[in-house]
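Before any comments, here is the structure.
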Amino acid sequence: MKQYLKNTWDGIWTVLIGMKITFKHLFTPAVTIQYPDVKVPLPERVRNRLYVNIDDCIGCDQCSRACPVSCIEIETTKAIPGEDLGTTSNGKKKALWVTKFNIDIAKCCYCQLCVFPCPTECIYMTDVYEFAEYERENLVYKFSALTETEAVEKKANFEKFQAEKEAQKAAAAAKPKEEQKPVN
Amino acid sequence: MYQYFYELLGSEILATLITAAVPLVNVLLAALIGVYLERKVSAHMQDRLGPMRTGWHGIFQTVADFIKMLQKEDAVSTEVDKKLYNLAPVLVFTGSFAAYAVIPFSSKVIGTEAEVGIFYLLAISSLVVAGILMAGWSSNNKYSLLGAMRSASQIISYEIPTAIVVLSMVMYTGTLSLDKMSQMQTAYFWNWNILGGAEFGFAKFLLIPFMIVGFIIIYISTLAEVNRTPFDIPEAESELVAGYFTEYCGMKWAMFMLSEYGNMFAVSGLVTILFFGGYQSPLGYFGDAIGVHWMIPFEQVFWFIAKGWFFVFVQMWLRWTLPRLRVDQLMSLCWKYLIPYAFVNLIIIGIITLL
Amino acid sequence: MALKTETMVLNMGPQHPSTHGVLRLELELEGELIKKVIPHIGYLHRCFEKHAEAMQYNQVIPYTDRMDYLASMYNNFGYVIAVEKLMGIEVPERVQYIRLIMGELQRIASHLVALGTYGLDIGAFTPFLYLFRDREKILSLFEMTCGARLLYNYMWVGGLSHDIHPDFQRLTKEFINYFKPTIVELDSLLSYNKIFIERTANIGILPVDTAINYGVTGPMLRGSGIKFDLRRNDPYSIYNRFDFDIPVGKGLVGTVGDCWDRYYVRVREMEESLKILEQAIDNIPEGDVQSAIPKRIKPPKGTVYSRVETPRGELGYFIISDGSTNPFRVKVRAPSFVNLEVLGELCKGHLVADVIAILGSVDIVLGEVDR
Amino acid sequence: MGLLDKEFSDGNIVIAKVDDLFNWARLSSIWQLGFGLACCAIEMMATSASHYDFDRFGVIPRNTPRQADAIIISGTVTLKMALRIKRLYEQMPDPKYIISMGSCANCGGPYWEHGYHVLKGVDRVIPVDVYVPGCPPRPEALLEGLLKLQEKIRNESLRKKSA
């Protein structure tokens, strides 16, 4: 009987305590951030969409190798002599045309492993997170500064150059006693 | 109300229609406002904001929900028992709508001044059980079936404490008419039944604690009858997915929702009438004071609706505070706690009334 | 004349609100009484161990994040400790301290989700949101430090990806002070609520010997009354320097080893974590967090087993190295997986609603169960 | 599709206005199927929690597909789960929308290369409306995906598209 009354009392009392707490919260201001109208500034280290500053990229492929999910696709073509690609902002000389630098953001796992090995610090994570798309193809980001035709042209150039070199080599092999010019 | 409109319009059909339309509008409004209020109350209790982007503070949210549900496809599984499946939401809605026939919103606005109003109210609200059972059975879904079975046992069990408390109040007031009960608790809050009724004397003060106990019992058991947390076992979201309406979509589901919110207001109204003076104002009538007597019914409507919504708010408040009981605990709460207390209370109130 | 009756087979999940992800339970019911529970797993099998074979040692770390996604920091922690043990790397003091602080913050965050969803399973929606509100504060600390909210890839072999933010210590202390009242509030809102007690006390009692036979660890084992915590019993990192209690189930409102005890052990563990944080946060020594990171991670041939106490129990990594840059084999002893096995034992003779309560108190993370 | 969709072949002012009303209703009450798969589900829960509050947009989780309008695929879809997802999708009444949340749902994510057991993108089994990138996406990113979806719904019409 005593237990019976205690149960009744406990039931009512704990419910009232709970109600007191929720009632208190009814009048505490909400913590909600009203997203599209209010955007909180993100911390500086925030990891969102990858960005490649292609001007600084030397096409060393390190980020692609560091990526655990292989979402970075890089194709490069050697520059032929006479083409000046300029230098990166930290003074490295560029020697490769980056004909293709695609990041499939849909595959990316935002682990930041690609950022650290980059010798020119040209690949980094930005604070852009609003990039939802209707089509998945749009999530493949193409960073290469060269257009398709330019890329084809550079490739062709290099192949031509290669072929010439081969031809020269062949010629040199045919005429072995000729004075040997350093190739390139 | 019928008489009033009949005299006004002279047409039986029109008068009937209007008399029926008033509760219907009330049910619809109760659902619309109820859902919105539910979302807002829950949101603010949880340090959130709730709907914000449809109109000012999301005030049209339920309107949007409603229009959306109107245009949803009526997806019906091929395995359902078509007749029962389609009939169930109608029946549930009828049960909750018909209850409004006897609820006095004021001394003038009342569907029918039935002498056995409270008896009718208890009887008609049991219709919901049939609808729920039909819904659960015909859906051909095990979760629905479990929900329906739980619901049937729950609602039928909780009718008993409700009925006992109602009985004690009937004994005390000596009438079955809801309108008369309201009239007896004349204006000013110290005349309400919760504070011992309008008769001033020793018995009044003796009654107060037992009235409070009665109020708590009937509030808990009506809460269970309308399937609200902590008694929302038939639709227990974390166990039974959505209970008996798991397979319903679009407007058919909306009818269940309508009836739930309609019922919420109806049982709040019942509690108000039994214990909190029905449509009577707590502080006297403004119309009386300035001598404009036609204003009084409007004031009464205001007070009734305000009191009703207050109890609906408390239902929500409880819902967002408490966890859910288990099905056997629900039964033991009813049979082991509420019914004994209700009986003891009945006897004591009876004795005090006789004194 | 006896009526012919049949048992009902109820399929719960993979899409069910309270199976904590995509667990599928096959329940054999008699009315609402459970006769048998058969968990089906594999709906989130992501082949972590296969991936680990194809990756370099440091590339595995993002995948460990995704195993127990509620306690990513701790999964990183376990993995890097294992690799460091394999390579014999001594990490700087500062790194040890920061790892420990992150680990304990993560423990609180993980328990917040566990307790919140447990309340949700029982039917209380509001505590869930209160706890998530506070978890958000921890996540912002993590985000400030390493830039990610959920999957951090923060601990590296031999060091950390970033040093802590200059504000980190101040904000953590603020958080500790802010968080203490929340536990009190949770106690009065949920833990000692009569309905909650009714739902969880004396439900799913796990006796000590069953727990040990099944190899259950973590709060589940401690809920049964055994004081076993790897932080104390097999100290790793620098846990032996700190003073903290190991809460065990005492059967305050029911029997020792019931759901309420398991729940309450988690609540108390958050308090203990706060205690550790308070001791550690002011004593972070100066130093470089990346000084011990090896240029190339190429462990010698050999095997290693290393275990840590994650919020869910003993997480063990067994690594076989063949001397190359990729691990030859990584086997994970996942606490959730082992704890889940005992479910069938716990559910016998209970009702459908109790299965939810029991499953919630086991606190599984499907990413870890299926790996 | 819904009740009246694609019933009309020529437009007029009435249909245009009804279009607007219906689209408004649809976009402001997208009820989501409460359904979590993996890591992203935690961020989805965080989005419905107090700080970001999905309810502001009228999004509430419904546990049964019959009452849901949108399904957020939040996490890795394994081949075993793909069948279930397809079935859930089929159980939802029209009009229904899909948000693919996170890398795993978009295209297999970190598991696309070696994951013998992972579906490489949920769009191989069900038509996706919006892809939200991230691993996992921030709650704001998911909200932005939702806004994109609302934008898409706003441009729907009851009219048949002329061939």
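Quick note on naming: the chains in the structure tokens go A, B, ... in the order shown, residues restart at 1 in each chain, and ligands are numbered from 1 in order of appearance.
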Could you please tell me, as a PDB file with N, CA, C and O atoms, in the first residue's frame, which residues of chain A have an atom within 9 Å of chain D when using only C-alpha atoms?
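Below you can see result_9.pdb, which holds the result:
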```
ATOM      1  N   ALA A  30      15.420  30.833 -28.761  1.00  0.00           N
ATOM      2  CA  ALA A  30      15.819  29.683 -29.566  1.00  0.00           C
ATOM      3  C   ALA A  30      17.267  29.832 -30.013  1.00  0.00           C
ATOM      4  O   ALA A  30      17.770  30.946 -30.170  1.00  0.00           O
ATOM      5  N   VAL A  31      17.929  28.704 -30.192  1.00  0.00           N
ATOM      6  CA  VAL A  31      19.318  28.744 -30.639  1.00  0.00           C
ATOM      7  C   VAL A  31      19.424  28.639 -32.153  1.00  0.00           C
ATOM      8  O   VAL A  31      20.512  28.596 -32.699  1.00  0.00           O
ATOM      9  N   THR A  32      18.274  28.607 -32.820  1.00  0.00           N
ATOM     10  CA  THR A  32      18.280  28.328 -34.252  1.00  0.00           C
ATOM     11  C   THR A  32      18.980  29.418 -35.047  1.00  0.00           C
ATOM     12  O   THR A  32      18.786  30.607 -34.791  1.00  0.00           O
ATOM     13  N   ILE A  33      19.793  28.972 -35.984  1.00  0.00           N
ATOM     14  CA  ILE A  33      20.396  29.890 -36.948  1.00  0.00           C
ATOM     15  C   ILE A  33      19.504  29.847 -38.177  1.00  0.00           C
ATOM     16  O   ILE A  33      19.321  28.790 -38.771  1.00  0.00           O
ATOM     17  N   GLN A  34      18.943  30.972 -38.545  1.00  0.00           N
ATOM     18  CA  GLN A  34      18.000  30.960 -39.665  1.00  0.00           C
ATOM     19  C   GLN A  34      18.779  30.982 -40.957  1.00  0.00           C
ATOM     20  O   GLN A  34      18.996  32.030 -41.543  1.00  0.00           O
ATOM     21  N   TYR A  35      19.131  29.801 -41.435  1.00  0.00           N
ATOM     22  CA  TYR A  35      20.191  29.681 -42.409  1.00  0.00           C
ATOM     23  C   TYR A  35      20.162  30.606 -43.630  1.00  0.00           C
ATOM     24  O   TYR A  35      21.063  31.419 -43.744  1.00  0.00           O
ATOM     25  N   PRO A  36      19.183  30.542 -44.501  1.00  0.00           N
ATOM     26  CA  PRO A  36      19.426  31.343 -45.716  1.00  0.00           C
ATOM     27  C   PRO A  36      19.506  32.839 -45.436  1.00  0.00           C
ATOM     28  O   PRO A  36      20.105  33.580 -46.197  1.00  0.00           O
ATOM     29  N   LYS A  39      23.925  33.710 -41.965  1.00  0.00           N
ATOM     30  CA  LYS A  39      24.962  32.702 -42.150  1.00  0.00           C
ATOM     31  C   LYS A  39      26.068  32.967 -41.157  1.00  0.00           C
ATOM     32  O   LYS A  39      26.618  34.055 -41.115  1.00  0.00           O
ATOM     33  N   ASN A  48      35.797  22.469 -46.815  1.00  0.00           N
ATOM     34  CA  ASN A  48      34.686  22.224 -47.711  1.00  0.00           C
ATOM     35  C   ASN A  48      35.223  22.065 -49.122  1.00  0.00           C
ATOM     36  O   ASN A  48      36.195  21.372 -49.295  1.00  0.00           O
ATOM     37  N   ARG A  49      34.620  22.716 -50.074  1.00  0.00           N
ATOM     38  CA  ARG A  49      34.969  22.409 -51.458  1.00  0.00           C
ATOM     39  C   ARG A  49      36.454  22.634 -51.741  1.00  0.00           C
ATOM     40  O   ARG A  49      37.025  23.619 -51.301  1.00  0.00           O
ATOM     41  N   PRO A  68      42.913   9.266 -51.054  1.00  0.00           N
ATOM     42  CA  PRO A  68      42.525   7.867 -50.828  1.00  0.00           C
ATOM     43  C   PRO A  68      41.391   7.401 -51.732  1.00  0.00           C
ATOM     44  O   PRO A  68      41.226   6.206 -51.916  1.00  0.00           O
ATOM     45  N   VAL A  69      40.624   8.327 -52.279  1.00  0.00           N
ATOM     46  CA  VAL A  69      39.473   7.902 -53.067  1.00  0.00           C
ATOM     47  C   VAL A  69      39.672   8.139 -54.562  1.00  0.00           C
ATOM     48  O   VAL A  69      38.763   7.929 -55.339  1.00  0.00           O
ATOM     49  N   SER A  70      40.860   8.587 -54.936  1.00  0.00           N
ATOM     50  CA  SER A  70      41.186   8.818 -56.351  1.00  0.00           C
ATOM     51  C   SER A  70      40.157   9.697 -57.037  1.00  0.00           C
ATOM     52  O   SER A  70      39.618   9.333 -58.085  1.00  0.00           O
ATOM     53  N   CYS A  71      39.856  10.813 -56.429  1.00  0.00           N
ATOM     54  CA  CYS A  71      38.883  11.679 -57.075  1.00  0.00           C
ATOM     55  C   CYS A  71      39.560  12.766 -57.896  1.00  0.00           C
ATOM     56  O   CYS A  71      38.900  13.531 -58.564  1.00  0.00           O
ATOM     57  N   ILE A 105      34.039  16.247 -57.235  1.00  0.00           N
ATOM     58  CA  ILE A 105      33.680  16.624 -55.870  1.00  0.00           C
ATOM     59  C   ILE A 105      32.660  15.644 -55.293  1.00  0.00           C
ATOM     60  O   ILE A 105      32.549  15.458 -54.090  1.00  0.00           O
ATOM     61  N   ALA A 106      31.918  14.975 -56.168  1.00  0.00           N
ATOM     62  CA  ALA A 106      30.951  14.007 -55.682  1.00  0.00           C
ATOM     63  C   ALA A 106      31.644  12.816 -55.025  1.00  0.00           C
ATOM     64  O   ALA A 106      31.051  12.151 -54.194  1.00  0.00           O
ATOM     65  N   LYS A 107      32.890  12.557 -55.407  1.00  0.00           N
ATOM     66  CA  LYS A 107      33.595  11.433 -54.806  1.00  0.00           C
ATOM     67  C   LYS A 107      34.416  11.861 -53.601  1.00  0.00           C
ATOM     68  O   LYS A 107      34.732  11.041 -52.744  1.00  0.00           O
ATOM     69  N   CYS A 108      34.779  13.114 -53.580  1.00  0.00           N
ATOM     70  CA  CYS A 108      35.723  13.615 -52.570  1.00  0.00           C
ATOM     71  C   CYS A 108      35.238  13.285 -51.168  1.00  0.00           C
ATOM     72  O   CYS A 108      34.048  13.373 -50.873  1.00  0.00           O
ATOM     73  N   CYS A 109      36.172  12.912 -50.295  1.00  0.00           N
ATOM     74  CA  CYS A 109      35.747  12.629 -48.925  1.00  0.00           C
ATOM     75  C   CYS A 109      36.237  13.695 -47.951  1.00  0.00           C
ATOM     76  O   CYS A 109      36.192  13.500 -46.755  1.00  0.00           O
ATOM     77  N   TYR A 110      36.705  14.794 -48.450  1.00  0.00           N
ATOM     78  CA  TYR A 110      37.024  15.975 -47.635  1.00  0.00           C
ATOM     79  C   TYR A 110      37.993  15.649 -46.494  1.00  0.00           C
ATOM     80  O   TYR A 110      37.811  16.097 -45.378  1.00  0.00           O
ATOM     81  N   CYS A 111      38.987  14.819 -46.799  1.00  0.00           N
ATOM     82  CA  CYS A 111      39.906  14.408 -45.740  1.00  0.00           C
ATOM     83  C   CYS A 111      41.113  15.312 -45.678  1.00  0.00           C
ATOM     84  O   CYS A 111      41.885  15.244 -44.736  1.00  0.00           O
ATOM     85  N   TYR A 129      30.355  25.885 -49.196  1.00  0.00           N
ATOM     86  CA  TYR A 129      29.665  24.613 -49.028  1.00  0.00           C
ATOM     87  C   TYR A 129      28.347  24.571 -49.786  1.00  0.00           C
ATOM     88  O   TYR A 129      27.686  23.562 -49.841  1.00  0.00           O
ATOM     89  N   GLU A 130      27.978  25.702 -50.380  1.00  0.00           N
ATOM     90  CA  GLU A 130      26.683  25.738 -51.065  1.00  0.00           C
ATOM     91  C   GLU A 130      26.895  25.456 -52.536  1.00  0.00           C
ATOM     92  O   GLU A 130      27.012  26.365 -53.334  1.00  0.00           O
ATOM     93  N   PHE A 131      26.948  24.188 -52.866  1.00  0.00           N
ATOM     94  CA  PHE A 131      27.099  23.897 -54.296  1.00  0.00           C
ATOM     95  C   PHE A 131      26.329  22.642 -54.688  1.00  0.00           C
ATOM     96  O   PHE A 131      26.808  21.819 -55.438  1.00  0.00           O
ATOM     97  N   ALA A 132      25.120  22.542 -54.158  1.00  0.00           N
ATOM     98  CA  ALA A 132      24.263  21.434 -54.563  1.00  0.00           C
ATOM     99  C   ALA A 132      23.900  21.597 -56.029  1.00  0.00           C
ATOM    100  O   ALA A 132      23.807  22.708 -56.534  1.00  0.00           O
ATOM    101  N   GLU A 133      23.701  20.466 -56.703  1.00  0.00           N
ATOM    102  CA  GLU A 133      23.471  20.507 -58.148  1.00  0.00           C
ATOM    103  C   GLU A 133      22.290  19.625 -58.507  1.00  0.00           C
ATOM    104  O   GLU A 133      21.941  18.690 -57.790  1.00  0.00           O
ATOM    105  N   TYR A 134      21.700  19.920 -59.674  1.00  0.00           N
ATOM    106  CA  TYR A 134      20.626  19.058 -60.163  1.00  0.00           C
ATOM    107  C   TYR A 134      21.180  17.879 -60.947  1.00  0.00           C
ATOM    108  O   TYR A 134      20.543  16.849 -61.066  1.00  0.00           O
ATOM    109  N   GLU A 135      22.344  18.074 -61.537  1.00  0.00           N
ATOM    110  CA  GLU A 135      22.951  17.018 -62.339  1.00  0.00           C
ATOM    111  C   GLU A 135      24.288  16.642 -61.726  1.00  0.00           C
ATOM    112  O   GLU A 135      25.045  17.505 -61.291  1.00  0.00           O
ATOM    113  N   ARG A 136      24.553  15.348 -61.718  1.00  0.00           N
ATOM    114  CA  ARG A 136      25.802  14.963 -61.071  1.00  0.00           C
ATOM    115  C   ARG A 136      27.017  15.362 -61.888  1.00  0.00           C
ATOM    116  O   ARG A 136      28.083  15.622 -61.342  1.00  0.00           O
ATOM    117  N   LEU A 139      29.113  18.217 -60.866  1.00  0.00           N
ATOM    118  CA  LEU A 139      29.957  18.163 -59.673  1.00  0.00           C
ATOM    119  C   LEU A 139      31.388  17.791 -60.013  1.00  0.00           C
ATOM    120  O   LEU A 139      32.239  17.736 -59.150  1.00  0.00           O
TER     121      LEU A 139
END
```
Gln67 (chain D) surroundings by only C-alpha atoms, 10 Å radius, close-in-sequence under 3 positions cut, as number ranges by chain
B: 69, 72, 75, 242, 245-250, 253-254; D: 31-33, 61-64, 70, 91-93
Sort by chain and increasing residue number a table of all residues of chain C within 7 Å of chain B, each with its closest pair of atoms and their distance in Å to one decimal, counting only C-alpha atoms, and write it as a Markdown table.
```
| residue | atom | partner | partner_atom | distance |
| --- | --- | --- | --- | --- |
| C:His16 | CA | B:Val241 | CA | 6.6 |
| C:Pro17 | CA | B:Ser238 | CA | 5.4 |
| C:Ser18 | CA | B:Ser238 | CA | 5.3 |
| C:Asp121 | CA | B:Ser238 | CA | 5.4 |
| C:Ile122 | CA | B:Pro323 | CA | 5.6 |
| C:Gly123 | CA | B:Pro323 | CA | 4.4 |
| C:Ala124 | CA | B:Pro323 | CA | 4.0 |
| C:Phe125 | CA | B:Trp320 | CA | 6.3 |
| C:Thr126 | CA | B:Gln46 | CA | 5.8 |
| C:Leu129 | CA | B:Gln46 | CA | 6.2 |
| C:Tyr130 | CA | B:Gln46 | CA | 6.6 |
| C:Ile195 | CA | B:Leu325 | CA | 6.2 |
| C:Phe196 | CA | B:Pro323 | CA | 6.2 |
| C:Arg199 | CA | B:Arg326 | CA | 6.6 |
| C:Ala353 | CA | B:Glu239 | CA | 6.0 |
| C:Ile356 | CA | B:Glu239 | CA | 6.7 |
```
If you count only C-alpha atoms, which residues fall within 6 Å of region 25-38 of chain C, apart from same-chain ones fewer than 4 positions away, as a ChimeraX atom specification?
/C:7-12,344,348-352
Per residue of chain A within 10 Å of chain C, record the nearest atom pair and its distance in Å to one decimal, counting only C-alpha atoms, with rows in chain order and ascending residue number, as CSV.
```
residue,atom,partner,partner_atom,distance
A:Asn7,CA,C:Lys194,CA,8.3
A:Thr8,CA,C:Lys194,CA,9.5
A:Trp9,CA,C:Lys194,CA,9.8
A:Asp10,CA,C:Lys194,CA,6.4
A:Gly11,CA,C:Lys194,CA,5.2
A:Ile12,CA,C:Lys194,CA,8.4
A:Trp13,CA,C:Lys194,CA,8.6
A:Thr14,CA,C:Asn193,CA,5.2
A:Val15,CA,C:Asn193,CA,6.7
A:Leu16,CA,C:Asn193,CA,9.7
A:Ile17,CA,C:Ser188,CA,6.9
A:Gly18,CA,C:Leu189,CA,4.8
A:Met19,CA,C:Leu189,CA,8.3
A:Lys20,CA,C:Leu189,CA,9.1
A:Ile21,CA,C:Leu189,CA,7.0
A:Thr22,CA,C:Thr126,CA,8.2
A:His25,CA,C:Tyr130,CA,9.8
A:Val31,CA,C:Arg133,CA,8.0
A:Thr32,CA,C:Arg133,CA,9.5
A:Leu42,CA,C:Met144,CA,8.4
A:Pro43,CA,C:Met144,CA,5.5
A:Glu44,CA,C:Met144,CA,7.4
A:Arg45,CA,C:Gly147,CA,4.7
A:Val46,CA,C:Gly147,CA,3.6
A:Arg47,CA,C:Gly147,CA,4.9
A:Asn48,CA,C:Ala148,CA,8.2
A:Ala66,CA,C:Gln59,CA,7.5
A:Cys67,CA,C:Gln59,CA,7.5
A:Pro68,CA,C:Gln59,CA,5.4
A:Val69,CA,C:Gln59,CA,8.9
A:Cys109,CA,C:Pro62,CA,7.9
A:Tyr110,CA,C:Ala148,CA,8.4
A:Cys111,CA,C:Asn153,CA,6.0
A:Gln112,CA,C:Asn153,CA,8.1
A:Leu113,CA,C:Gln59,CA,7.7
A:Phe116,CA,C:Ser161,CA,9.2
A:Met125,CA,C:Gly147,CA,9.5
A:Asp127,CA,C:Gly147,CA,9.5
```
Counting only C-alpha atoms, which residues of chain C come no farther than 7 Å from chain D, as a short mmCIF file (atom, residue, chain, number, x, y, z; two decimals) with C-alpha atoms, in the first residue's frame?
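Final output, saved to iface.cif:
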```
data_model
loop_
_atom_site.label_atom_id
_atom_site.label_comp_id
_atom_site.auth_asym_id
_atom_site.auth_seq_id
_atom_site.Cartn_x
_atom_site.Cartn_y
_atom_site.Cartn_z
CA GLN C 15 13.99 1.28 -42.56
CA PRO C 17 12.75 4.75 -36.93
CA GLY C 21 20.46 2.99 -38.89
CA VAL C 22 19.87 0.00 -41.05
CA TYR C 43 23.01 -3.36 -44.89
CA LEU C 44 25.85 -0.96 -44.34
CA HIS C 45 28.77 -3.23 -45.12
CA ARG C 46 31.37 -0.89 -46.53
CA CYS C 47 34.30 -3.23 -46.57
CA HIS C 51 39.85 -0.88 -48.29
CA ARG C 66 33.62 6.30 -41.21
CA TYR C 69 30.91 7.81 -37.24
CA LEU C 129 17.03 18.03 -29.08
CA PHE C 132 21.92 17.69 -29.80
CA ARG C 133 22.02 21.39 -29.04
CA GLY C 367 28.88 1.64 -39.52
#
```
So that I can check the surroundings of Lys250 (chain C), please list as number ranges by chain every protein, DNA and RNA residue that reaches within 8 Å of it, counting only C-alpha atoms and ignoring chain neighbours fewer than 5 positions away.
C: 223, 225, 255-257, 261
Restricting it to C-alpha atoms, dump the selection as an mmCIF file, in the first residue's frame.
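Result saved to again.cif:
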```
data_model
loop_
_atom_site.group_PDB
_atom_site.id
_atom_site.type_symbol
_atom_site.label_atom_id
_atom_site.label_comp_id
_atom_site.auth_asym_id
_atom_site.auth_seq_id
_atom_site.Cartn_x
_atom_site.Cartn_y
_atom_site.Cartn_z
ATOM 1 C CA GLY C 223 26.252 -1.436 -16.554
ATOM 2 C CA GLY C 225 28.494 -3.954 -12.470
ATOM 3 C CA THR C 255 18.219 -4.670 -11.007
ATOM 4 C CA VAL C 256 21.927 -4.368 -11.737
ATOM 5 C CA GLY C 257 22.512 -4.667 -15.456
ATOM 6 C CA ASP C 261 21.839 1.110 -15.535
#
```
Just asking: which residues within region 18-148 of chain D are strand (DSSP E or B) according to DSSP, as a ChimeraX atom specification?
/D:32-33,61-62,70-74,78,97-101,118,130-132
Can you measure CA of Val125 (chain D) to CA of Ala68 (chain D) for me? One decimal in Å is fine.
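Separation between CA of Val125 (chain D) and CA of Ala68 (chain D): 18.6 Å.
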Which residues are close to Val102 (chain B), i.e. within 9 Å by only C-alpha atoms, leaving aside same-chain residues fewer than 4 positions away? Reply as number ranges by chain.
B: 98, 110-114, 117-118, 120-121, 177-179
So that I can check the surroundings of Thr94 (chain B), please list as a PDB file with N, CA and C atoms, in the first residue's frame every protein, DNA and RNA residue that reaches within 9 Å of it, counting only C-alpha atoms and ignoring chain neighbours fewer than 4 positions away.
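Here's the written file part27.pdb:
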```
ATOM      1  N   PRO B  89     -11.287   5.873 -42.306  1.00  0.00           N
ATOM      2  CA  PRO B  89     -11.062   7.284 -41.955  1.00  0.00           C
ATOM      3  C   PRO B  89     -12.372   8.058 -41.811  1.00  0.00           C
ATOM      4  N   VAL B  90     -13.352   7.707 -42.626  1.00  0.00           N
ATOM      5  CA  VAL B  90     -14.645   8.401 -42.547  1.00  0.00           C
ATOM      6  C   VAL B  90     -15.268   8.155 -41.181  1.00  0.00           C
ATOM      7  N   ALA B  98     -19.119  14.041 -34.631  1.00  0.00           N
ATOM      8  CA  ALA B  98     -20.438  13.915 -34.012  1.00  0.00           C
ATOM      9  C   ALA B  98     -20.401  14.330 -32.549  1.00  0.00           C
ATOM     10  N   ALA B  99     -19.232  14.202 -31.937  1.00  0.00           N
ATOM     11  CA  ALA B  99     -19.134  14.597 -30.536  1.00  0.00           C
ATOM     12  C   ALA B  99     -19.441  16.072 -30.357  1.00  0.00           C
ATOM     13  N   ILE B 124     -20.562   8.250 -28.403  1.00  0.00           N
ATOM     14  CA  ILE B 124     -20.175   8.501 -29.800  1.00  0.00           C
ATOM     15  C   ILE B 124     -18.656   8.497 -29.953  1.00  0.00           C
ATOM     16  N   LEU B 127     -16.986   5.392 -31.138  1.00  0.00           N
ATOM     17  CA  LEU B 127     -17.028   5.028 -32.554  1.00  0.00           C
ATOM     18  C   LEU B 127     -15.635   5.028 -33.158  1.00  0.00           C
ATOM     19  N   VAL B 128     -14.790   5.894 -32.614  1.00  0.00           N
ATOM     20  CA  VAL B 128     -13.426   6.002 -33.111  1.00  0.00           C
ATOM     21  C   VAL B 128     -12.730   4.648 -33.076  1.00  0.00           C
ATOM     22  N   SER B 259      -9.399  14.170 -37.214  1.00  0.00           N
ATOM     23  CA  SER B 259     -10.193  13.628 -36.118  1.00  0.00           C
ATOM     24  C   SER B 259      -9.378  13.650 -34.831  1.00  0.00           C
TER      25      SER B 259
END
```
To one decimal place in Å, what is the distance between CA of Trp156 (chain C) and CA of Arg307 (chain C)?
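These two atoms are separated by 16.7 Å.
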Name all residues at most 12 Å from Pro81 (chain A) (count only C-alpha atoms; drop same-chain ones fewer than 4 positions away) and give them as a list in words.
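The neighbour list is Leu85, Ala95, Leu96, Asn157, Phe158, Phe161, Gln162, Lys165, Val183 and Asn184 of chain A.
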Keeping only N, CA, C and O atoms, write those residues as a compact mmCIF listing (two decimals), in the first residue's frame.
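Once everything was written out, this is result.txt:
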```
# COMPACT_ATOMS: atom_id res chain seq x y z
N LEU A 85 56.28 28.60 -69.54
CA LEU A 85 55.07 28.42 -68.75
C LEU A 85 55.04 29.33 -67.54
O LEU A 85 54.08 29.36 -66.79
N ALA A 95 57.08 23.11 -65.78
CA ALA A 95 57.58 22.46 -66.97
C ALA A 95 56.55 21.58 -67.64
O ALA A 95 56.83 20.92 -68.61
N LEU A 96 55.37 21.57 -67.08
CA LEU A 96 54.34 20.69 -67.62
C LEU A 96 53.08 21.48 -67.92
O LEU A 96 52.68 22.33 -67.13
N ASN A 157 51.50 19.11 -80.19
CA ASN A 157 52.81 19.76 -80.22
C ASN A 157 53.88 18.84 -79.67
O ASN A 157 54.94 18.65 -80.26
N PHE A 158 53.54 18.30 -78.46
CA PHE A 158 54.53 17.48 -77.79
C PHE A 158 54.82 16.22 -78.60
O PHE A 158 55.97 15.82 -78.76
N PHE A 161 56.89 17.13 -81.43
CA PHE A 161 58.25 17.36 -80.95
C PHE A 161 58.94 16.03 -80.69
O PHE A 161 60.10 15.81 -81.08
N GLN A 162 58.18 15.13 -80.06
CA GLN A 162 58.71 13.81 -79.73
C GLN A 162 59.12 13.10 -81.03
O GLN A 162 60.21 12.52 -81.12
N LYS A 165 62.11 14.52 -82.45
CA LYS A 165 63.27 14.07 -81.68
C LYS A 165 63.67 12.65 -82.10
O LYS A 165 64.84 12.35 -82.31
N VAL A 183 70.35 17.11 -77.47
CA VAL A 183 68.92 17.23 -77.80
C VAL A 183 68.25 18.04 -76.70
O VAL A 183 68.61 17.95 -75.55
N ASN A 184 67.32 18.78 -77.04
CA ASN A 184 66.53 19.73 -76.27
C ASN A 184 67.19 21.05 -76.12
O ASN A 184 67.81 21.45 -75.38
```
Residue nearest chain A - candidates B:His44, B:Lys204, B:Lys108, B:Lys336, atoms counted: only C-alpha atoms:
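The shortest atom-to-atom distance to chain A comes from B:His44.
Among B:His293, B:Arg228, B:Lys68, B:Lys40, the residue with the shortest atom-to-atom distance to chain D, counting only C-alpha atoms, is B:Lys68.
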